[in-house]
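Undergrad: To start, I am sharing the structure in question, which I have written as structure tokens.
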Protein chains: 4
Amino acid sequence: MKALVYLGPYRKALEERAKPVMVAPTDAIVKITRTTICGTDLHILKGDVPTCAPGRILGHEGVGIVDAVGTGVTAFKVGDAVLISCISACGKCINCRRQMYSHCTTGGWILGNSIDGTQAEFVRIPHADLSLYAIPAGADEEALVMLSDILPTALECGVLNGKVQPGGTVAIVGSGPIGLAALLTAQFYSPAEVIMIDLDAGRLAVARRFGATATVDSSDGHAAETVLKLTGGLGVDTAIEAVGVPATFELCQQIVAVGGTIANIGVHGVKVDLHLESLWDRNVSITTRLVDTASTPMLLKTLCSHKLDPKPLITHRFKLDQILDAYETFAHAAETHALKVLIEA
Amino acid sequence: MKALVYLGPYRKALEERAKPVMVAPTDAIVKITRTTICGTDLHILKGDVPTCAPGRILGHEGVGIVDAVGTGVTAFKVGDAVLISCISACGKCINCRRQMYSHCTTGGWILGNSIDGTQAEFVRIPHADLSLYAIPAGADEEALVMLSDILPTALECGVLNGKVQPGGTVAIVGSGPIGLAALLTAQFYSPAEVIMIDLDAGRLAVARRFGATATVDSSDGHAAETVLKLTGGLGVDTAIEAVGVPATFELCQQIVAVGGTIANIGVHGVKVDLHLESLWDRNVSITTRLVDTASTPMLLKTLCSHKLDPKPLITHRFKLDQILDAYETFAHAAETHALKVLIEA
Amino acid sequence: MKALVYLGPYRKALEERAKPVMVAPTDAIVKITRTTICGTDLHILKGDVPTCAPGRILGHEGVGIVDAVGTGVTAFKVGDAVLISCISACGKCINCRRQMYSHCTTGGWILGNSIDGTQAEFVRIPHADLSLYAIPAGADEEALVMLSDILPTALECGVLNGKVQPGGTVAIVGSGPIGLAALLTAQFYSPAEVIMIDLDAGRLAVARRFGATATVDSSDGHAAETVLKLTGGLGVDTAIEAVGVPATFELCQQIVAVGGTIANIGVHGVKVDLHLESLWDRNVSITTRLVDTASTPMLLKTLCSHKLDPKPLITHRFKLDQILDAYETFAHAAETHALKVLIEA
Amino acid sequence: MKALVYLGPYRKALEERAKPVMVAPTDAIVKITRTTICGTDLHILKGDVPTCAPGRILGHEGVGIVDAVGTGVTAFKVGDAVLISCISACGKCINCRRQMYSHCTTGGWILGNSIDGTQAEFVRIPHADLSLYAIPAGADEEALVMLSDILPTALECGVLNGKVQPGGTVAIVGSGPIGLAALLTAQFYSPAEVIMIDLDAGRLAVARRFGATATVDSSDGHAAETVLKLTGGLGVDTAIEAVGVPATFELCQQIVAVGGTIANIGVHGVKVDLHLESLWDRNVSITTRLVDTASTPMLLKTLCSHKLDPKPLITHRFKLDQILDAYETFAHAAETHALKVLIEA
């Protein structure tokens, strides 16, 4: 089968690989019909993810058709249309029992990382019963690909951890795909204001179409003052960090209100300054999280009931044959205006 | 001044009364610009509320202008435009300290009940600092009257107690004003389904305009079966009782899902059957509440940010001179299709 | 093997039965070393549990040694010492995913009910990975038998649902084994007062030894007045119903404070009166629950760290050969003063 | 009257000052019977608290007798025995309404900071109704002094923010008075382990007497490894920072478990490193808080019901005349082994 293979820092290729086979009775093999590329895949290609060795098939998102199931799989059968979660969960370990599937002791984020992933014709899914979701009849399969990772990540790490509430004020620092996904899911809770902050005016224009009530161009270095002005000097109840660099985390500390929350989504490569000398008495919370995809059943319900429309996140479509082009398009989003690129079998 | 006075069961009159005077330094006198009539006022007129003695000026909702303040009032001054809460709260007692203002030991629901109320040209507001809210610049004053009682009641007793969640299923039994207000505020949380249930097809048509995803006419006696069918046999996560009679509470017990909540809003005059023989192992919660109006600041923010539009609740408008007509219109809602009737000074 | 078999209403026998065999790859066979008798077993023997057919081996509590495991069992191996949960949980279904294991779509309370149970030399445990718990080294196996059902039931249905808090006031209606287990686990949260209420002075004396701060003999019909007097007229923050008849649920309604919770543990056979005419505005919650045993890991930790001592619940010990005597002793607790009777292999 | 006055960095004196007079109708004047010294007073004396100007009477803790009340005070009268909260709260502002009294817009921590404090014969208490608490009959007044600041701070900032739970594991970094107060109040929730960490073996010996299940001497630089070993490699569910320097906050990051919480109590003077490069995917929360004293009513109940015994925190007693000696004793705790020093009128 064809598969996109990581060959070491800055090297990848579309190769011919053997179709995966089952390893454990709880495995399923899924024929991929649609997948996509995540910002994390670009991190891997920079050599930033040591758990991902050269030779690995990338990808941890997608939908497909069950091609084979082990004897221990009870929830799915061959031919079922399924959504693949980016997180594999045994459902049994101490962390799965508290729905912290991200830290499943035999799972977590392993797809396209420590085991082969979804940017291929077929993928092996461990712990299939808890790591796949039946696709509801009539659901839009393109939209569903957004439920593998980006929407639960934005919702869980940003919106739920950030305690977004009706009438509350939210700032999202970073108007890329994950920031926009946070913007979409924040609206589940009817906040009064969602302020999007980015260096790129084009991305902010997109944010306004996605429902931002205000946008702040941070390229002038005065984003914090602007946000404070927009919030009557109070700052925001929820500051969502959706970039992953020290400067954006710093900004979150400057704009969070007394009693507020900084919810980190960004993947950070270096330490940041935490200004406890000014925050120690501000009654704030700071949260981190690897997505658990515990919210996937809820997201499926909001999708099917049309409370959520993730389709506008998809800006480009490619065939698997063209996946190298898809990577180019996605990696140069500033020029291509790509958000999520869909790859069809 | 003119005032609508309760004269005993089934008797009321628009009378000339002395303008109220301050009793405590924490009082304010408010000149009423708009008020309305509540279903509870009709209960009083049937003689069902023993705390309300003949001679009482009715009414616990309204907006107005501060006419005088005591020396202990710090948050308001003469001339301020204010929203009146139906609940008076000292902010100091054991119950106020946990935001259960409804059971303030020197307040609670006293307006138009144990002290004179708002259906008059002026009203005395005890504990003014915590019982009045500044009207934000540019806010629609008609809409604001809906924040005195009906919206916080629907939100707190129905939606918050009922734990309405994104993707959840909700049934609201009773599509009168309070049920519709629950429907409006339930949408803050993006439930997948909100099923409205009523005996009156006209009211159900209104519910569809207010955002119901399904309506069930219960006049055929098969509402429970219909709701179970609509929810794949599971029942609803949240059943909101918005009528106040045994039959509707019984229906809630029949349609609540395993793990779900019955949130009671209705004012009940008699005991009901609780079927613990079938519910003891169903992991359900049943909640009751007198509105605390602790959510008023949040409602003001949702109103000002246009996440909430209560104006469609207002179906009729009258002058204070015509308040007896307003009562007639409101009391005969089946014919007049009245929801809330607005009374202007 | 020997097994205690239900033969129809009021009939049981210690019979010779075939050793159980595995049915599904996720099953385990456990050799029982200790089991006990539950009040629910007495209900079955009265014919009150229609899901339990004649011919059924009773019992849903116990500890033992793993005798065999299916190919799908990954957490246990032959020879492991295990605690058996009264609830079988697949870990995959919609209810297990929210830790509502009691309503697992292929499990729940099935042991000694719809499948053969633990009052035997061996038992088949479905969904073994989530329905067994490894026994920590050095743990007291007798004490552990109390973690199969009675302690998680008391904790989850009574203490957690009842929101027991430091400084709070608690009343537990019924000082039998389950009420005493609620008393033990309520003390995890340092309430100021735990008032035990019962008709039997002997049971109340036991309650005082278990940590009750006050006891109320309800045989004089004035229990409600006494509790109100003990709480300064306010009533209790948490009223735990641990009997299961209308009179005790009625008492809970009379003694619950404004803003309080009635947490039902009792198994009810008939409906009860719910006095919404007086409770509708009292801001109370009423909860029901079949134990989920989601708290078993926490209980194991409190047991191993000596924050919990359930041994005093065990009043009598028998061999499996003597299980008919054990039933007699347990069924006549008023005379024998039995709380829990332990049955050893 | 006599009063301990801050005269600028490193300078203080016991001076004769005029008795305070009422400024607002909501004020009370309290005759101090007992007060104490807080670590924050030492911070002020180093010149670290810019809001505290030379000439200020220090102190924000104490009990006393009401000497005078303004016309706006309704909860207290002359002669009442009262506990003074370190936080003054109006009960009306946006922050008081959500029980975040620490950020009361006209109060907060002002006593002995921006207005004169309690280390004097009399003190003026603004917003008396919400800033004083009636002393229950029979309560130990010495113990009560610990409820002004240290116990609510430890409970709210450490234990409640840290989500201490039955069966959980807790580490408290810093075994000084505030760390020991956290240890005392953590036990409200029956954690399995409370590990105290300090550089001083003497303080750790005290911690064992206060209920620590393990102690770690961090002077060897291997505290993190030791804590991980004590917790089976998992780290602790709750890490409480009770010192306020970068090294101790760093340690908390090293020992917090996946899914755990770092609850900061320490007053920090400089920024710290936050290792988001390793914590971003660890599902942790970090909290800060200035004490709200919202838990004071609960603490009073636990004190009166003997669930809490703060008396062992008091190691030394002085008369107000000897307050300079008291400061010496408190400031040299390493030699004097002082925890809290009580100062009597």
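Within each chain, counting starts at residue 1; across the structure tokens, chains are named A, B, ... in the order shown, with ligands numbered 1 upward in that order.
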I need the contact residues of chain B against chain D, so if you could list those with any atom within 9 Å, counting only C-alpha atoms, and return them as a list in words, that would help.
TA: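 Applying the cut-off to the listed atoms yields Pro25, Thr26, Thr71, Gly72, Ala75, Cys90, Gly91, Lys92, Cys93, Ile94, Arg97, Arg98, Gln99, Asp129, Leu130, Ala294 and Pro297 of chain B.
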Undergrad: Quick one: everything within 9 Å of D:Leu300, counting only C-alpha atoms, minus sequence neighbours fewer than 5 positions away in the same chain. Send it as number ranges by chain.
TA: C: 167; D: 135-136, 144, 147, 295, 305
Undergrad: Go ahead and write the selection's residues with all heavy atoms as a PDB file, in the first residue's frame.
TA:
```
ATOM      1  N   GLY C 167     -17.292  20.399  58.102  1.00  0.00           N
ATOM      2  CA  GLY C 167     -18.137  21.343  58.814  1.00  0.00           C
ATOM      3  C   GLY C 167     -19.622  21.166  58.583  1.00  0.00           C
ATOM      4  O   GLY C 167     -20.422  21.847  59.219  1.00  0.00           O
TER       5      GLY C 167
ATOM      6  N   ILE D 135     -18.011  35.043  67.579  1.00  0.00           N
ATOM      7  CA  ILE D 135     -17.320  33.925  68.197  1.00  0.00           C
ATOM      8  C   ILE D 135     -18.349  33.028  68.870  1.00  0.00           C
ATOM      9  O   ILE D 135     -19.117  33.503  69.712  1.00  0.00           O
ATOM     10  CB  ILE D 135     -16.284  34.434  69.213  1.00  0.00           C
ATOM     11  CG1 ILE D 135     -15.187  35.206  68.459  1.00  0.00           C
ATOM     12  CG2 ILE D 135     -15.697  33.276  70.010  1.00  0.00           C
ATOM     13  CD1 ILE D 135     -14.021  35.623  69.326  1.00  0.00           C
ATOM     14  N   PRO D 136     -18.398  31.757  68.474  1.00  0.00           N
ATOM     15  CA  PRO D 136     -19.391  30.866  69.083  1.00  0.00           C
ATOM     16  C   PRO D 136     -19.106  30.694  70.572  1.00  0.00           C
ATOM     17  O   PRO D 136     -17.942  30.711  71.002  1.00  0.00           O
ATOM     18  CB  PRO D 136     -19.173  29.537  68.344  1.00  0.00           C
ATOM     19  CG  PRO D 136     -18.410  29.895  67.102  1.00  0.00           C
ATOM     20  CD  PRO D 136     -17.594  31.093  67.460  1.00  0.00           C
ATOM     21  N   LEU D 144      -8.904  30.537  67.847  1.00  0.00           N
ATOM     22  CA  LEU D 144      -9.610  31.350  66.850  1.00  0.00           C
ATOM     23  C   LEU D 144      -8.688  32.315  66.114  1.00  0.00           C
ATOM     24  O   LEU D 144      -8.935  32.658  64.955  1.00  0.00           O
ATOM     25  CB  LEU D 144     -10.730  32.128  67.528  1.00  0.00           C
ATOM     26  CG  LEU D 144     -12.027  31.347  67.720  1.00  0.00           C
ATOM     27  CD1 LEU D 144     -12.936  32.112  68.660  1.00  0.00           C
ATOM     28  CD2 LEU D 144     -12.715  31.117  66.379  1.00  0.00           C
ATOM     29  N   LEU D 147      -7.728  31.464  62.807  1.00  0.00           N
ATOM     30  CA  LEU D 147      -8.717  31.520  61.726  1.00  0.00           C
ATOM     31  C   LEU D 147      -8.744  32.874  61.027  1.00  0.00           C
ATOM     32  O   LEU D 147      -9.477  33.057  60.063  1.00  0.00           O
ATOM     33  CB  LEU D 147     -10.116  31.180  62.253  1.00  0.00           C
ATOM     34  CG  LEU D 147     -10.503  29.705  62.130  1.00  0.00           C
ATOM     35  CD1 LEU D 147      -9.635  28.847  63.030  1.00  0.00           C
ATOM     36  CD2 LEU D 147     -11.965  29.494  62.449  1.00  0.00           C
ATOM     37  N   SER D 295     -13.926  30.564  53.362  1.00  0.00           N
ATOM     38  CA  SER D 295     -14.060  29.304  54.105  1.00  0.00           C
ATOM     39  C   SER D 295     -14.158  29.517  55.616  1.00  0.00           C
ATOM     40  O   SER D 295     -14.240  28.539  56.362  1.00  0.00           O
ATOM     41  CB  SER D 295     -12.852  28.413  53.814  1.00  0.00           C
ATOM     42  OG  SER D 295     -11.666  29.000  54.330  1.00  0.00           O
ATOM     43  N   SER D 305     -16.594  21.726  66.264  1.00  0.00           N
ATOM     44  CA  SER D 305     -16.909  20.293  66.349  1.00  0.00           C
ATOM     45  C   SER D 305     -15.653  19.455  66.550  1.00  0.00           C
ATOM     46  O   SER D 305     -15.706  18.233  66.425  1.00  0.00           O
ATOM     47  CB  SER D 305     -17.650  19.861  65.083  1.00  0.00           C
ATOM     48  OG  SER D 305     -16.843  20.061  63.935  1.00  0.00           O
TER      49      SER D 305
END
```
Undergrad: Please provide as a PyMOL selection string all residues within 9 Å of C:Tyr327, with the sequence filter that same-chain residues fewer than 4 positions apart are discarded (counting only C-alpha atoms).
TA: chain C and resi 37+42+322-323+331-332+341
Undergrad: Write out as a list in words the residues lying within 12 Å of A:Pro20, counting only C-alpha atoms and excluding same-chain residues fewer than 6 positions away.
TA: Met1, Lys2, Ala3, Asp27, Ala28, Ile29, Val30, Lys31, Ile57, Asp67, Ala68, Ile115, Asp116, Gly117, Thr118, Ala120, Glu121, Phe122, Val123, Arg124, Ile125 and Pro126 of chain A
Undergrad: Leaving out D:Ser190 and any residue of its chain fewer than 4 positions from it, which residues lie within 10 Å of it when counting only C-alpha atoms, given as a list in words?
TA: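 Skipping anything fewer than 4 positions along the chain leaves Gln187, Phe188, Tyr189, Ser190, Thr302, Ser305, His306, Lys307 and Leu308 of chain C; Val164, Gln165, Pro166, Gly167, Gly168, Thr169, Thr185, Ala186 and Val194 of chain D.
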Undergrad: I need the residues of stretch 125-298 of chain A that end up classed as strand (DSSP E) by DSSP on the backbone, written out as a ChimeraX atom specification.
TA: /A:125,132-134,169-173,193-198,214-217,236-241,256-264,272-274,285-287
Undergrad: What would the file look like if the residues just selected were written as a CSV table (one decimal), in the first residue's frame with N, CA and C atoms?
TA:
```csv
chain,number,residue,atom,x,y,z
A,125,ILE,N,-5.3,-0.1,14.2
A,125,ILE,CA,-5.7,0.6,15.4
A,125,ILE,C,-5.7,-0.3,16.6
A,132,LEU,N,-12.0,3.9,18.2
A,132,LEU,CA,-12.8,4.1,17.0
A,132,LEU,C,-14.2,4.6,17.5
A,133,TYR,N,-14.9,5.3,16.6
A,133,TYR,CA,-16.3,5.7,16.9
A,133,TYR,C,-17.1,5.4,15.6
A,134,ALA,N,-18.2,4.8,15.8
A,134,ALA,CA,-19.1,4.5,14.7
A,134,ALA,C,-19.6,5.9,14.1
A,169,THR,N,-15.7,36.4,29.0
A,169,THR,CA,-14.8,37.0,28.0
A,169,THR,C,-13.7,36.0,27.7
A,170,VAL,N,-13.4,35.8,26.5
A,170,VAL,CA,-12.3,34.9,26.1
A,170,VAL,C,-11.4,35.5,25.1
A,171,ALA,N,-10.1,35.3,25.3
A,171,ALA,CA,-9.1,35.7,24.3
A,171,ALA,C,-8.4,34.4,23.8
A,172,ILE,N,-8.2,34.3,22.5
A,172,ILE,CA,-7.5,33.1,21.9
A,172,ILE,C,-6.3,33.7,21.2
A,173,VAL,N,-5.1,33.3,21.7
A,173,VAL,CA,-3.9,33.8,21.2
A,173,VAL,C,-3.4,32.8,20.1
A,193,GLU,N,-17.8,37.7,24.7
A,193,GLU,CA,-16.7,38.1,23.8
A,193,GLU,C,-15.7,37.0,23.5
A,194,VAL,N,-15.4,36.9,22.3
A,194,VAL,CA,-14.2,36.0,21.9
A,194,VAL,C,-13.3,36.9,21.1
A,195,ILE,N,-12.2,37.3,21.7
A,195,ILE,CA,-11.2,38.1,21.0
A,195,ILE,C,-10.1,37.2,20.4
A,196,MET,N,-9.9,37.3,19.1
A,196,MET,CA,-8.8,36.5,18.5
A,196,MET,C,-7.6,37.4,18.3
A,197,ILE,N,-6.4,36.9,18.6
A,197,ILE,CA,-5.2,37.6,18.5
A,197,ILE,C,-4.2,36.9,17.6
A,198,ASP,N,-3.6,37.6,16.7
A,198,ASP,CA,-2.6,37.0,15.8
A,198,ASP,C,-1.8,38.1,15.1
A,214,ALA,N,-14.1,40.2,18.3
A,214,ALA,CA,-13.1,41.3,18.1
A,214,ALA,C,-11.8,40.6,17.7
A,215,THR,N,-11.0,41.3,17.0
A,215,THR,CA,-9.7,40.7,16.6
A,215,THR,C,-8.6,41.8,16.9
A,216,VAL,N,-7.5,41.3,17.3
A,216,VAL,CA,-6.4,42.1,17.7
A,216,VAL,C,-5.1,41.7,16.9
A,217,ASP,N,-4.6,42.6,16.2
A,217,ASP,CA,-3.4,42.4,15.4
A,217,ASP,C,-2.2,42.7,16.4
A,236,VAL,N,-9.4,39.2,30.5
A,236,VAL,CA,-10.3,38.2,30.1
A,236,VAL,C,-10.5,37.1,31.1
A,237,ASP,N,-11.7,36.5,31.2
A,237,ASP,CA,-11.9,35.4,32.1
A,237,ASP,C,-11.1,34.1,31.6
A,238,THR,N,-11.0,34.0,30.3
A,238,THR,CA,-10.3,32.8,29.8
A,238,THR,C,-9.3,33.3,28.7
A,239,ALA,N,-8.0,32.9,28.9
A,239,ALA,CA,-7.0,33.2,27.9
A,239,ALA,C,-6.5,31.8,27.4
A,240,ILE,N,-6.7,31.6,26.1
A,240,ILE,CA,-6.3,30.3,25.5
A,240,ILE,C,-5.0,30.5,24.7
A,241,GLU,N,-4.0,29.8,25.0
A,241,GLU,CA,-2.7,29.8,24.3
A,241,GLU,C,-2.7,28.8,23.2
A,256,VAL,N,-4.9,38.0,31.4
A,256,VAL,CA,-5.9,37.2,32.2
A,256,VAL,C,-6.4,38.0,33.4
A,257,ALA,N,-7.7,38.0,33.6
A,257,ALA,CA,-8.4,38.7,34.7
A,257,ALA,C,-8.1,38.1,36.0
A,258,VAL,N,-8.3,38.8,37.0
A,258,VAL,CA,-8.3,38.3,38.4
A,258,VAL,C,-9.4,37.2,38.4
A,259,GLY,N,-9.0,36.0,38.9
A,259,GLY,CA,-10.0,34.9,39.0
A,259,GLY,C,-10.1,34.1,37.7
A,260,GLY,N,-9.3,34.5,36.7
A,260,GLY,CA,-9.4,33.8,35.4
A,260,GLY,C,-8.5,32.6,35.2
A,261,THR,N,-8.5,32.1,34.0
A,261,THR,CA,-7.8,30.9,33.6
A,261,THR,C,-7.0,31.1,32.3
A,262,ILE,N,-5.8,30.6,32.4
A,262,ILE,CA,-5.0,30.4,31.2
A,262,ILE,C,-5.0,29.0,30.8
A,263,ALA,N,-5.6,28.7,29.6
A,263,ALA,CA,-5.6,27.3,29.2
A,263,ALA,C,-4.7,27.1,28.0
A,264,ASN,N,-3.7,26.3,28.3
A,264,ASN,CA,-2.6,26.1,27.3
A,264,ASN,C,-3.0,25.0,26.3
A,272,VAL,N,9.1,28.6,29.8
A,272,VAL,CA,8.6,30.0,29.7
A,272,VAL,C,8.8,30.6,31.1
A,273,ASP,N,8.7,32.0,31.1
A,273,ASP,CA,8.6,32.7,32.4
A,273,ASP,C,7.2,32.7,33.0
A,274,LEU,N,7.1,32.3,34.2
A,274,LEU,CA,5.8,32.5,34.9
A,274,LEU,C,6.0,33.6,36.0
A,285,SER,N,-5.8,30.3,37.4
A,285,SER,CA,-5.4,28.9,37.1
A,285,SER,C,-4.7,28.8,35.8
A,286,ILE,N,-3.8,28.0,35.7
A,286,ILE,CA,-3.1,27.7,34.4
A,286,ILE,C,-3.2,26.2,34.2
A,287,THR,N,-3.6,25.8,33.0
A,287,THR,CA,-3.8,24.4,32.8
A,287,THR,C,-3.1,23.9,31.5
```
